[in-house]
Amino acid sequence: MAEKKKFQAIKGTRDLLPPETELWNRVEQTARKVFGTFGYGEIRPPIFEPTELFARSIGVDTDVVSKEMYSFPDPFDLGDIYAQYQLRESTTPGAGQLATIAGLLPDSQLIAARPEATASVCRAYIEHGMHALPQPVKLYYMGPMFRRERPQKGRYRQFYQIGAEVLEMVPPNQDPAKNIGKDAAVDAEVIEMVMAFFARLGLEGVKLEINSIGDRDCRPKYVELLRAELLKVKDKLGPDSQRRIETNPLRVLDSKLESEQGIIARLPKIADHLCANCAAQYTEVKRQLNMRGVAYAENWRLVRGLDYYMRTTFEITALGLGSQNAVCGGGRYDGLVELLGGPPTKGIGFAIGEDRLILSLQEAGKGGAAQGRDVFVAWMGEKTQATAIAAAQKLRAAGLRVELPPVEQKFGKALGQADKLGARYALILGDDEVATGQWTVKTLADGSQTKMSEAEFLEMLRKGL
Ligand code: ATP
Ligand code: MG
């Protein structure tokens, strides 16, 4: 006999089950509705893409690309490599050799399960020539992302994001200073949209933080200044921050280490080192947010983990999430499309962590009730089954949730089951009801029972919907 094997979901992945999936659906439907009112259309990019697409856009020195990405050779390409090896060496490669070959493959021969979707949206914008459409192009997406992180509350290896991007090709010879006001209004509307979505869901404890991280002009100078200042206090920093002085000094600002907080507080602030254009845009973003009634706090230490961000960056936290409390991160990324081979294009977008959004709603008691049924059809006697089926068909066509037992049940058992399923009504159909056309309807909440015609029953249910 074959050995019995118990399968389990892979570490960091999980099954989403009813009734929780009802909440997921409500969240996603609300996103579609709200984003629709702002003129966004949905894009569904593929789940896997060339590894290079992410390496180039997110940046090779980021955590996401350097250690979290599920990147692998396409098994069919490995088949080719296998065959070539056989031809060349006149012998088959062993598993070890194959693994070595696979490990040596350059990024250009690898594919990756997407760790985020902004890069995909930009690729699609270029691939489908969307710069020729009326600008800006406003897109939203939702779906699973993959990152190899240590699983914990609010952190999974397969997680879900709901995000949106606004892309706008820059016409040739445009003076960048001229459009600062327009860009700021676009930034503010994007933020306003996320906040409207969260408000519609009733998300609690929502806090928006904003910052400007400068652009190609002023940020490199600030980063150098920061590096120089950090080098002066190097011995007082932990190993992570010490390493980041070289690789990515901005990330030191993100440190949560208690011992480093005092040191970080005395570092130079980017707001004091923005170039004129960045400073003007940042001021205008704040004015625009005020005009839209969006409350925010400024956080000069807010830097984003992905390389492509510039100027406006923001993060939103919500109630009940512990240390993993960021539900949304976003920012402006002018130049990313160009970096990926497209025309000069401006971009701004955000990604919401849907898993964390759901957790926060549940913590606040906004998880919603179990699915339940409107009607449980308790039918008795072989001849009543046809009537029961016809009744169920009509009720379902009217949009009601109906449970129809596949075989007849004794009265007591049927009512017990109706109760367990949380049904509002039990429709009791026996020989008598079929003969007279008068149905027995039991209201499960109070146990009351009345007789009525099919039409009267439907009418009553419609009113109650
Ligand atoms: P964190 O600092 O929490 O790792 P991040 O900066 O890596 O977040 P982004 O790349 O900005 O996150 O992604 C946007 C949002 O996606 C985050 O604010 C978070 O809500 C969610 N998110 C990111 N990684 C995960 C994960 N592994 N599991 C669940 N949600 C995640
Ligand atoms: Mg992360």
# chains A, B, ... in the order shown; residues from 1 in each chain; ligands from 1

call {"tool": "residues_near_ligand", "arguments": {"ligand": "ligand 2", "cutoff": "10 Å", "atoms": "only C-alpha atoms and all ligand atoms", "output": "JSON, numbers by chain"}}
result
{"A": [62, 63, 64, 68, 115, 147, 148, 149, 155, 304, 305, 306, 324]}

call {"tool": "write_last_selection", "arguments": {"atoms": "N, CA, C and O atoms", "output": "compact mmCIF listing (two decimals), in the first residue's frame"}}
result
# COMPACT_ATOMS: atom_id res chain seq x y z
N THR A 62 18.36 46.56 -3.21
CA THR A 62 17.22 46.57 -2.28
C THR A 62 17.01 45.18 -1.70
O THR A 62 17.45 44.18 -2.28
N ASP A 63 16.35 45.13 -0.53
CA ASP A 63 16.06 43.84 0.09
C ASP A 63 15.24 42.96 -0.85
O ASP A 63 15.48 41.77 -0.98
N VAL A 64 14.25 43.58 -1.49
CA VAL A 64 13.34 42.82 -2.34
C VAL A 64 14.12 42.04 -3.40
O VAL A 64 13.93 40.84 -3.58
N GLU A 68 14.72 38.71 -1.41
CA GLU A 68 13.34 38.23 -1.22
C GLU A 68 12.69 37.66 -2.47
O GLU A 68 11.60 37.12 -2.41
N PRO A 115 7.33 40.29 -7.19
CA PRO A 115 7.31 40.76 -5.79
C PRO A 115 6.47 42.02 -5.64
O PRO A 115 6.18 42.44 -4.52
N ARG A 147 7.23 37.22 -1.95
CA ARG A 147 8.54 37.64 -1.41
C ARG A 147 8.96 36.62 -0.35
O ARG A 147 8.15 36.23 0.48
N ARG A 148 10.25 36.26 -0.41
CA ARG A 148 10.71 35.26 0.54
C ARG A 148 11.16 35.95 1.82
O ARG A 148 12.31 36.31 1.97
N GLU A 149 10.21 36.16 2.72
CA GLU A 149 10.49 36.82 3.99
C GLU A 149 10.16 35.86 5.12
O GLU A 149 9.53 34.83 4.90
N ARG A 155 2.77 39.31 7.59
CA ARG A 155 3.88 39.15 6.64
C ARG A 155 3.87 37.73 6.12
O ARG A 155 4.03 36.79 6.89
N ARG A 304 11.43 55.05 1.06
CA ARG A 304 10.82 53.83 0.55
C ARG A 304 11.92 52.83 0.21
O ARG A 304 13.03 53.20 -0.13
N GLY A 305 11.58 51.55 0.29
CA GLY A 305 12.57 50.50 0.10
C GLY A 305 12.94 50.24 -1.36
O GLY A 305 13.84 49.48 -1.64
N LEU A 306 12.22 50.83 -2.28
CA LEU A 306 12.48 50.55 -3.69
C LEU A 306 13.18 51.76 -4.31
O LEU A 306 12.87 52.90 -4.00
N GLN A 324 3.93 45.32 12.13
CA GLN A 324 3.72 45.31 10.68
C GLN A 324 2.53 46.21 10.35
O GLN A 324 1.52 45.77 9.85

call {"tool": "residues_around", "arguments": {"residues": "Gly330 (chain A)", "least_positions_apart": "5", "cutoff": "8 Å", "atoms": "only C-alpha atoms", "output": "VMD selection string"}}
result
chain A and resid 313 to 315 348 to 351

call {"tool": "write_last_selection", "arguments": {"atoms": "all heavy atoms", "output": "tab-separated table (two decimals), in the first residue's frame"}}
result
chain	number	residue	atom	x	y	z
A	313	THR	N	6.59	60.84	-1.37
A	313	THR	CA	6.44	59.47	-0.91
A	313	THR	C	5.45	59.49	0.24
A	313	THR	O	5.32	60.49	0.94
A	313	THR	CB	7.77	58.86	-0.40
A	313	THR	OG1	8.31	59.74	0.57
A	313	THR	CG2	8.76	58.65	-1.50
A	314	PHE	N	4.74	58.41	0.42
A	314	PHE	CA	3.79	58.37	1.53
A	314	PHE	C	3.58	56.95	2.02
A	314	PHE	O	3.89	55.97	1.32
A	314	PHE	CB	2.44	58.99	1.11
A	314	PHE	CG	1.77	58.33	-0.05
A	314	PHE	CD1	0.76	57.39	0.15
A	314	PHE	CD2	2.11	58.66	-1.35
A	314	PHE	CE1	0.11	56.80	-0.93
A	314	PHE	CE2	1.48	58.06	-2.44
A	314	PHE	CZ	0.47	57.14	-2.23
A	315	GLU	N	3.13	56.86	3.25
A	315	GLU	CA	2.85	55.57	3.85
A	315	GLU	C	1.63	55.73	4.74
A	315	GLU	O	1.44	56.78	5.36
A	315	GLU	CB	4.06	55.12	4.68
A	315	GLU	CG	4.02	53.65	5.03
A	315	GLU	CD	5.38	53.15	5.50
A	315	GLU	OE1	6.19	52.74	4.66
A	315	GLU	OE2	5.62	53.19	6.72
A	348	ILE	N	3.16	57.96	-10.72
A	348	ILE	CA	2.92	57.94	-9.27
A	348	ILE	C	1.97	56.79	-8.99
A	348	ILE	O	1.09	56.49	-9.80
A	348	ILE	CB	2.33	59.27	-8.73
A	348	ILE	CG1	1.75	59.12	-7.32
A	348	ILE	CG2	1.22	59.82	-9.60
A	348	ILE	CD1	2.35	59.97	-6.28
A	349	GLY	N	2.17	56.15	-7.85
A	349	GLY	CA	1.29	55.02	-7.55
A	349	GLY	C	1.41	54.61	-6.10
A	349	GLY	O	2.17	55.20	-5.33
A	350	PHE	N	0.66	53.59	-5.75
A	350	PHE	CA	0.70	53.06	-4.39
A	350	PHE	C	0.38	51.58	-4.43
A	350	PHE	O	-0.16	51.08	-5.43
A	350	PHE	CB	-0.32	53.78	-3.49
A	350	PHE	CG	-1.75	53.58	-3.93
A	350	PHE	CD1	-2.46	52.43	-3.60
A	350	PHE	CD2	-2.37	54.55	-4.71
A	350	PHE	CE1	-3.76	52.25	-4.04
A	350	PHE	CE2	-3.68	54.37	-5.15
A	350	PHE	CZ	-4.38	53.22	-4.81
A	351	ALA	N	0.74	50.88	-3.36
A	351	ALA	CA	0.34	49.49	-3.20
A	351	ALA	C	-0.18	49.30	-1.78
A	351	ALA	O	0.49	49.67	-0.82
A	351	ALA	CB	1.51	48.55	-3.47

call {"tool": "select_by_dssp", "arguments": {"residues": "region 88-171 of chain A", "states": "helix (DSSP H, G or I)", "output": "number ranges by chain"}}
result
A: 88-89, 95-104, 107-109, 118-127, 130-132

call {"tool": "residues_around", "arguments": {"residues": "region 165-169 of chain A", "least_positions_apart": "3", "cutoff": "7 Å", "atoms": "only C-alpha atoms", "output": "list of chain:residue names"}}
result
A:His131, A:Gln135, A:Pro136, A:Val137, A:Lys138, A:Leu139, A:Tyr140, A:Pro343, A:Pro344, A:Thr345, A:Lys346, A:Gly347, A:Ile348, A:Gly349, A:Phe350

call {"tool": "write_last_selection", "arguments": {"atoms": "C-alpha atoms", "output": "mmCIF file, in the first residue's frame"}}
result
data_model
loop_
_atom_site.group_PDB
_atom_site.id
_atom_site.type_symbol
_atom_site.label_atom_id
_atom_site.label_comp_id
_atom_site.auth_asym_id
_atom_site.auth_seq_id
_atom_site.Cartn_x
_atom_site.Cartn_y
_atom_site.Cartn_z
ATOM 1 C CA HIS A 131 1.673 56.768 -24.369
ATOM 2 C CA GLN A 135 -2.775 60.974 -20.867
ATOM 3 C CA PRO A 136 -2.533 60.307 -18.011
ATOM 4 C CA VAL A 137 -3.267 56.584 -18.096
ATOM 5 C CA LYS A 138 -4.827 55.529 -14.794
ATOM 6 C CA LEU A 139 -4.683 51.837 -13.926
ATOM 7 C CA TYR A 140 -5.369 49.708 -10.893
ATOM 8 C CA PRO A 343 9.540 57.326 -23.592
ATOM 9 C CA PRO A 344 10.119 59.957 -20.855
ATOM 10 C CA THR A 345 7.161 59.383 -18.549
ATOM 11 C CA LYS A 346 5.990 60.529 -15.151
ATOM 12 C CA GLY A 347 4.483 58.109 -12.687
ATOM 13 C CA ILE A 348 2.923 57.945 -9.268
ATOM 14 C CA GLY A 349 1.291 55.025 -7.547
ATOM 15 C CA PHE A 350 0.702 53.059 -4.389
#

call {"tool": "residues_around", "arguments": {"residues": "region 255-272 of chain A", "least_positions_apart": "5", "cutoff": "9 Å", "atoms": "only C-alpha atoms", "output": "list of chain:residue names"}}
result
A:Asn211, A:Ser212, A:Ile213, A:Gly214, A:Arg219, A:Tyr222, A:Val223, A:Leu225, A:Leu226, A:Glu229, A:Leu230, A:Val233, A:Lys236, A:Leu237, A:Gly238, A:Asp240, A:Ser241, A:Ala279, A:Trp300, A:Arg301

call {"tool": "residues_around", "arguments": {"residues": "Phe457 (chain A)", "least_positions_apart": "5", "cutoff": "10 Å", "atoms": "only C-alpha atoms", "output": "ChimeraX atom specification"}}
result
/A:395,427,438-441,451-452,462

call {"tool": "decode", "arguments": {"residues": "region 63-151 of chain A", "atoms": "C-alpha atoms", "output": "PDB file, in the first residue's frame"}}
result
ATOM      1  CA  ASP A  63      16.060  43.836   0.088  1.00  0.00           C
ATOM      2  CA  VAL A  64      13.337  42.819  -2.340  1.00  0.00           C
ATOM      3  CA  VAL A  65      15.719  42.060  -5.200  1.00  0.00           C
ATOM      4  CA  SER A  66      18.797  40.957  -3.266  1.00  0.00           C
ATOM      5  CA  LYS A  67      17.116  38.471  -0.947  1.00  0.00           C
ATOM      6  CA  GLU A  68      13.344  38.234  -1.218  1.00  0.00           C
ATOM      7  CA  MET A  69      12.649  37.422  -4.838  1.00  0.00           C
ATOM      8  CA  TYR A  70      11.538  33.986  -6.047  1.00  0.00           C
ATOM      9  CA  SER A  71      13.690  33.886  -9.144  1.00  0.00           C
ATOM     10  CA  PHE A  72      14.384  30.676 -11.032  1.00  0.00           C
ATOM     11  CA  PRO A  73      15.333  29.274 -14.425  1.00  0.00           C
ATOM     12  CA  ASP A  74      12.392  28.337 -16.586  1.00  0.00           C
ATOM     13  CA  PRO A  75      12.428  24.501 -16.334  1.00  0.00           C
ATOM     14  CA  PHE A  76      12.118  24.298 -20.115  1.00  0.00           C
ATOM     15  CA  ASP A  77      15.269  26.367 -20.547  1.00  0.00           C
ATOM     16  CA  LEU A  78      16.969  24.001 -18.123  1.00  0.00           C
ATOM     17  CA  GLY A  79      15.919  21.191 -20.457  1.00  0.00           C
ATOM     18  CA  ASP A  80      17.798  22.941 -23.263  1.00  0.00           C
ATOM     19  CA  ILE A  81      20.844  23.434 -21.091  1.00  0.00           C
ATOM     20  CA  TYR A  82      20.708  19.760 -20.189  1.00  0.00           C
ATOM     21  CA  ALA A  83      20.622  18.770 -23.847  1.00  0.00           C
ATOM     22  CA  GLN A  84      23.473  21.120 -24.767  1.00  0.00           C
ATOM     23  CA  TYR A  85      25.587  19.717 -21.943  1.00  0.00           C
ATOM     24  CA  GLN A  86      24.904  16.191 -23.172  1.00  0.00           C
ATOM     25  CA  LEU A  87      26.003  17.109 -26.682  1.00  0.00           C
ATOM     26  CA  ARG A  88      29.105  18.937 -25.581  1.00  0.00           C
ATOM     27  CA  GLU A  89      30.353  16.564 -22.895  1.00  0.00           C
ATOM     28  CA  SER A  90      28.910  13.322 -24.331  1.00  0.00           C
ATOM     29  CA  THR A  91      27.607  12.582 -20.859  1.00  0.00           C
ATOM     30  CA  THR A  92      24.526  13.612 -18.883  1.00  0.00           C
ATOM     31  CA  PRO A  93      24.888  16.266 -16.178  1.00  0.00           C
ATOM     32  CA  GLY A  94      24.234  15.098 -12.624  1.00  0.00           C
ATOM     33  CA  ALA A  95      21.819  16.927 -10.352  1.00  0.00           C
ATOM     34  CA  GLY A  96      24.729  18.792  -8.757  1.00  0.00           C
ATOM     35  CA  GLN A  97      26.086  19.987 -12.092  1.00  0.00           C
ATOM     36  CA  LEU A  98      22.629  21.035 -13.219  1.00  0.00           C
ATOM     37  CA  ALA A  99      22.129  23.027 -10.016  1.00  0.00           C
ATOM     38  CA  THR A 100      25.506  24.699 -10.571  1.00  0.00           C
ATOM     39  CA  ILE A 101      24.612  25.576 -14.138  1.00  0.00           C
ATOM     40  CA  ALA A 102      21.243  26.955 -12.993  1.00  0.00           C
ATOM     41  CA  GLY A 103      22.942  28.959 -10.259  1.00  0.00           C
ATOM     42  CA  LEU A 104      25.310  30.533 -12.775  1.00  0.00           C
ATOM     43  CA  LEU A 105      22.553  31.651 -15.113  1.00  0.00           C
ATOM     44  CA  PRO A 106      22.450  35.432 -15.486  1.00  0.00           C
ATOM     45  CA  ASP A 107      19.280  37.358 -14.543  1.00  0.00           C
ATOM     46  CA  SER A 108      18.508  37.649 -18.236  1.00  0.00           C
ATOM     47  CA  GLN A 109      17.773  33.909 -18.334  1.00  0.00           C
ATOM     48  CA  LEU A 110      15.647  33.810 -15.183  1.00  0.00           C
ATOM     49  CA  ILE A 111      11.998  34.409 -14.484  1.00  0.00           C
ATOM     50  CA  ALA A 112      10.537  35.607 -11.206  1.00  0.00           C
ATOM     51  CA  ALA A 113       7.255  35.408  -9.344  1.00  0.00           C
ATOM     52  CA  ARG A 114       6.392  39.100  -9.111  1.00  0.00           C
ATOM     53  CA  PRO A 115       7.311  40.761  -5.794  1.00  0.00           C
ATOM     54  CA  GLU A 116       5.259  43.849  -6.748  1.00  0.00           C
ATOM     55  CA  ALA A 117       3.382  45.082  -9.808  1.00  0.00           C
ATOM     56  CA  THR A 118       4.566  48.611 -10.612  1.00  0.00           C
ATOM     57  CA  ALA A 119       7.333  47.277 -12.857  1.00  0.00           C
ATOM     58  CA  SER A 120       4.794  45.108 -14.702  1.00  0.00           C
ATOM     59  CA  VAL A 121       2.417  48.029 -15.208  1.00  0.00           C
ATOM     60  CA  CYS A 122       5.254  50.138 -16.629  1.00  0.00           C
ATOM     61  CA  ARG A 123       6.317  47.288 -18.897  1.00  0.00           C
ATOM     62  CA  ALA A 124       2.726  46.960 -20.120  1.00  0.00           C
ATOM     63  CA  TYR A 125       2.473  50.743 -20.674  1.00  0.00           C
ATOM     64  CA  ILE A 126       5.492  50.533 -22.977  1.00  0.00           C
ATOM     65  CA  GLU A 127       4.582  47.217 -24.627  1.00  0.00           C
ATOM     66  CA  HIS A 128       1.081  48.394 -25.580  1.00  0.00           C
ATOM     67  CA  GLY A 129       2.112  51.891 -26.619  1.00  0.00           C
ATOM     68  CA  MET A 130      -0.149  53.442 -23.994  1.00  0.00           C
ATOM     69  CA  HIS A 131       1.673  56.768 -24.369  1.00  0.00           C
ATOM     70  CA  ALA A 132      -0.514  57.200 -27.467  1.00  0.00           C
ATOM     71  CA  LEU A 133      -3.692  57.056 -25.373  1.00  0.00           C
ATOM     72  CA  PRO A 134      -5.135  60.174 -23.753  1.00  0.00           C
ATOM     73  CA  GLN A 135      -2.775  60.974 -20.867  1.00  0.00           C
ATOM     74  CA  PRO A 136      -2.533  60.307 -18.011  1.00  0.00           C
ATOM     75  CA  VAL A 137      -3.267  56.584 -18.096  1.00  0.00           C
ATOM     76  CA  LYS A 138      -4.827  55.529 -14.794  1.00  0.00           C
ATOM     77  CA  LEU A 139      -4.683  51.837 -13.926  1.00  0.00           C
ATOM     78  CA  TYR A 140      -5.369  49.708 -10.893  1.00  0.00           C
ATOM     79  CA  TYR A 141      -4.577  46.060 -10.171  1.00  0.00           C
ATOM     80  CA  MET A 142      -5.102  43.488  -7.452  1.00  0.00           C
ATOM     81  CA  GLY A 143      -3.594  40.069  -6.890  1.00  0.00           C
ATOM     82  CA  PRO A 144      -0.910  37.956  -5.260  1.00  0.00           C
ATOM     83  CA  MET A 145       2.730  39.020  -4.855  1.00  0.00           C
ATOM     84  CA  PHE A 146       5.637  36.842  -3.712  1.00  0.00           C
ATOM     85  CA  ARG A 147       8.536  37.638  -1.405  1.00  0.00           C
ATOM     86  CA  ARG A 148      10.713  35.258   0.542  1.00  0.00           C
ATOM     87  CA  GLU A 149      10.485  36.818   3.989  1.00  0.00           C
ATOM     88  CA  ARG A 150      10.222  35.390   7.489  1.00  0.00           C
ATOM     89  CA  PRO A 151       6.488  34.694   7.904  1.00  0.00           C
TER      90      PRO A 151
END
